[in-house]
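Chemist: Structure in structure tokens, see below.
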Amino acid sequence: MDFIRKFAGLLSFSTIVPIRSDASVEDIASLTLHWPLVGLFIGGVVGLSGLICSMVLPGPVAACLAYAVAIWFTGFHHLDGLIDMGDALMSHGTFERKVEIMRDPRIGTGGLGLLLIVSSTTIASIYSLPTDLILQGLLISEVGAKVGITGCALVSRPLDTGTGRYFILAARRGGALPVWLIWMVAGYLILGLPGAVSVVSAILAGVFMGLVARRNFYWSTGDVLGASNEFARMMSLLGLLAGIRLI
């Protein structure tokens with residue numbers, strides 16, 4: 001029952017689903033390595049939406065709408081992190097100054113640029129999915145987005161403040177490798193070797209984002225974790241497409 005209470009909190013935290021839960025941030029963060037389960041739920045919603053849209057609308061429009069559902073259903077929460085991290089990456093000064101810029105609510109050129117790169121590549125990747133694999137591809141990509149967060153959190157340094165620190169500390173307690181192996185197998189069962197490649201691509205994307213944060217900001221925040229979600233989704237789709245083409 002305690003797991004269900006915490007998982008309900010994690011689901012509410014990660015989506016716009018109005019679930020009532022008394023779980024604290026620490027409770028929710030304790031399930032950081034279970035985040036891909038939430039991704040599975042999100043992927044089901046996004047995948048079905050993409051499948052339905054692809055049946056009645058032209059491919060480019062269906063891809064845009066599928067991506068719109070993905071970022072809307074998660075409350076635009078992670079997209080905000082991507083924009084904030086982009087602004088901080090384009091800034092100069094001390095680590096503290098860059099973190100301060102990341103937390104600034106204003107949007108700059110760096111954030112818009114990173115948003116354009118990731119969103120356009122993601123939409124193009126969705127459009128490039130074979131018609132009969134849209135549901136499975138979008139399902140895996142949302143799992144990959146959450147797996148990417150765990151990879152980012154694992155290699156990140158937490159700030160002393162902010163909610164992101166709880167998720168980072170939870171991921172660093174150990175157990176990430178078995179979780180990754182489970183989802184690699186799940187990806188293989190869903191779409192064969194390309195599915196496994198998709199999950200591996202997402203893991204590497206998350207780790208990469210964490211290392212970028214260490215180099216540029218020293219610490220990672222919730223914005224960095226959110227940015228890793230968006231980047232890992234994109235890389236998961238790219239890995240899947242590459243796997244389909246090469247394998």
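Quick note on naming: the chains in the structure tokens go A, B, ... in the order shown, residues restart at 1 in each chain, and ligands are numbered from 1 in order of appearance.
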Pick out the residues sitting within 10 Å of segment 203-206 of chain A, and hand them over as a ChimeraX atom specification; count only C-alpha atoms, and ignore anything fewer than 2 positions along from it in its own chain.

Modeler: /A:144-155,180,184,197-201,208-212,224-225,227-236

Chemist: Near Leu129 of chain A, within 10 Å and counting only C-alpha atoms, which residues show up once chain neighbours fewer than 2 positions away are dropped, as a ChimeraX atom specification?

Modeler: /A:59,63,124-127,131-138,237-238,240-241,244

Chemist: What is the atom CA of Pro130 of chain A to atom CA of Leu51 of chain A distance in Å?

Modeler: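 Atom CA of Leu51 of chain A lies at a distance of 11.0 Å from atom CA of Pro130 of chain A.
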
Chemist: Could you tell me how far atom CA of Phe7 of chain A sits from atom CA of Ser24 of chain A, in Å to one decimal place?

Modeler: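 Distance between the two atoms: 11.2 Å.
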
Chemist: State, in Å with one decimal place, the distance from atom CA of Lys98 of chain A to atom CA of Thr161 of chain A.

Modeler: 15.2 Å

Chemist: Using backbone DSSP assignments, extract all helix (DSSP H, G or I) residues from segment 25-160 of chain A; output them as an NGL selection string.

Modeler: :A and (25-29 or 32-56 or 59-73 or 77-89 or 95-102 or 109-128 or 131-155)

Chemist: Would you mind exporting C-alpha atoms of the selected residues as a tab-separated table (two decimals), in the first residue's frame?

Modeler:
```
chain	number	residue	atom	x	y	z
A	25	VAL	CA	8.59	14.90	-2.39
A	26	GLU	CA	10.95	12.57	-0.53
A	27	ASP	CA	8.38	9.76	-0.83
A	28	ILE	CA	7.96	10.37	-4.55
A	29	ALA	CA	11.69	10.61	-5.15
A	32	THR	CA	13.04	7.50	-8.98
A	33	LEU	CA	14.21	4.22	-10.52
A	34	HIS	CA	10.56	3.25	-11.06
A	35	TRP	CA	9.99	6.33	-13.23
A	36	PRO	CA	10.02	4.26	-16.45
A	37	LEU	CA	6.77	2.64	-15.25
A	38	VAL	CA	5.21	6.09	-15.44
A	39	GLY	CA	6.77	6.41	-18.88
A	40	LEU	CA	5.01	3.20	-19.88
A	41	PHE	CA	1.68	4.74	-18.92
A	42	ILE	CA	2.47	8.02	-20.69
A	43	GLY	CA	3.69	6.10	-23.72
A	44	GLY	CA	0.40	4.23	-23.90
A	45	VAL	CA	-1.53	7.50	-24.00
A	46	VAL	CA	0.84	9.13	-26.50
A	47	GLY	CA	1.10	5.99	-28.62
A	48	LEU	CA	-2.65	5.56	-28.93
A	49	SER	CA	-3.04	9.24	-29.75
A	50	GLY	CA	-0.36	9.00	-32.43
A	51	LEU	CA	-1.92	5.86	-33.88
A	52	ILE	CA	-5.36	7.41	-34.09
A	53	CYS	CA	-4.02	10.63	-35.60
A	54	SER	CA	-2.00	8.69	-38.19
A	55	MET	CA	-5.18	6.95	-39.35
A	56	VAL	CA	-7.10	10.12	-40.14
A	59	GLY	CA	1.84	12.12	-41.47
A	60	PRO	CA	3.41	15.49	-40.57
A	61	VAL	CA	0.27	16.65	-38.79
A	62	ALA	CA	-0.08	13.37	-36.92
A	63	ALA	CA	3.54	13.60	-35.77
A	64	CYS	CA	3.07	17.14	-34.50
A	65	LEU	CA	-0.08	16.17	-32.61
A	66	ALA	CA	1.56	13.09	-31.07
A	67	TYR	CA	4.40	15.26	-29.80
A	68	ALA	CA	1.89	17.82	-28.56
A	69	VAL	CA	0.12	15.13	-26.54
A	70	ALA	CA	3.45	14.01	-25.07
A	71	ILE	CA	4.41	17.45	-23.77
A	72	TRP	CA	0.85	18.43	-22.80
A	73	PHE	CA	0.15	15.23	-20.89
A	77	HIS	CA	7.03	20.39	-16.98
A	78	HIS	CA	10.08	18.85	-18.63
A	79	LEU	CA	9.92	21.19	-21.60
A	80	ASP	CA	10.40	24.09	-19.22
A	81	GLY	CA	13.56	22.41	-17.93
A	82	LEU	CA	14.90	22.04	-21.46
A	83	ILE	CA	14.43	25.75	-22.14
A	84	ASP	CA	15.97	26.78	-18.82
A	85	MET	CA	19.00	24.55	-19.35
A	86	GLY	CA	19.47	25.94	-22.86
A	87	ASP	CA	19.59	29.47	-21.47
A	88	ALA	CA	22.13	28.46	-18.82
A	89	LEU	CA	24.35	26.69	-21.35
A	95	PHE	CA	28.68	27.91	-11.77
A	96	GLU	CA	26.46	29.75	-9.30
A	97	ARG	CA	25.60	32.38	-11.88
A	98	LYS	CA	24.66	29.75	-14.46
A	99	VAL	CA	22.40	27.96	-11.99
A	100	GLU	CA	20.81	31.32	-11.18
A	101	ILE	CA	20.13	31.89	-14.88
A	102	MET	CA	18.65	28.40	-15.16
A	109	THR	CA	17.88	32.68	-27.18
A	110	GLY	CA	19.71	29.64	-25.85
A	111	GLY	CA	16.51	28.13	-24.50
A	112	LEU	CA	14.58	28.79	-27.67
A	113	GLY	CA	17.40	27.37	-29.76
A	114	LEU	CA	17.62	24.15	-27.78
A	115	LEU	CA	13.83	23.83	-27.81
A	116	LEU	CA	13.78	24.20	-31.60
A	117	ILE	CA	16.50	21.58	-32.10
A	118	VAL	CA	14.99	18.96	-29.80
A	119	SER	CA	11.33	19.50	-30.70
A	120	SER	CA	11.86	19.59	-34.46
A	121	THR	CA	14.08	16.50	-34.40
A	122	THR	CA	11.56	14.67	-32.21
A	123	ILE	CA	8.65	15.51	-34.52
A	124	ALA	CA	10.66	14.49	-37.59
A	125	SER	CA	11.55	11.21	-35.88
A	126	ILE	CA	7.92	10.46	-35.05
A	127	TYR	CA	6.96	11.20	-38.66
A	128	SER	CA	9.70	8.82	-39.84
A	131	THR	CA	3.08	3.32	-39.83
A	132	ASP	CA	2.72	-0.11	-38.26
A	133	LEU	CA	5.22	0.77	-35.50
A	134	ILE	CA	3.88	4.12	-34.35
A	135	LEU	CA	2.22	2.77	-31.21
A	136	GLN	CA	5.22	0.68	-30.15
A	137	GLY	CA	7.72	3.38	-31.09
A	138	LEU	CA	6.01	6.09	-29.09
A	139	LEU	CA	5.54	3.69	-26.18
A	140	ILE	CA	9.26	2.92	-26.04
A	141	SER	CA	10.26	6.55	-26.51
A	142	GLU	CA	8.34	7.64	-23.41
A	143	VAL	CA	9.87	4.81	-21.40
A	144	GLY	CA	13.21	5.96	-22.78
A	145	ALA	CA	12.53	9.51	-21.64
A	146	LYS	CA	12.15	8.33	-18.03
A	147	VAL	CA	15.07	5.92	-18.26
A	148	GLY	CA	17.10	8.90	-19.44
A	149	ILE	CA	16.18	10.81	-16.29
A	150	THR	CA	17.57	7.97	-14.17
A	151	GLY	CA	20.82	8.05	-16.15
A	152	CYS	CA	21.13	11.79	-15.71
A	153	ALA	CA	20.38	11.59	-11.99
A	154	LEU	CA	22.91	8.82	-11.48
A	155	VAL	CA	25.88	10.91	-12.65
```

Chemist: In terms of the shortest atom-to-atom distance over only C-alpha atoms, which of A:Gly9, A:Pro18, A:Gly243, A:Pro58 is closest to Tyr188 of chain A?

Modeler: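 Closest to Tyr188 of chain A of all the choices is A:Gly243.
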
Chemist: Would you mind telling me which residue in A:Thr163, A:Thr221, A:Ser156, A:Ser91 lies nearest to Val207 of chain A when using only C-alpha atoms?

Modeler: A:Ser156

Chemist: Measuring atom to atom with only C-alpha atoms, identify which of A:Pro194, A:Gly175, A:Pro158, A:Gly108 is nearest to Leu31 of chain A.

Modeler: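 Nearest to Leu31 of chain A: A:Gly175.
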
Chemist: Restricting the calculation to only C-alpha atoms, which member of A:Gly226, A:Leu177, A:Trp219, A:Leu193 is positioned closest to Ile247 of chain A?

Modeler: A:Leu193
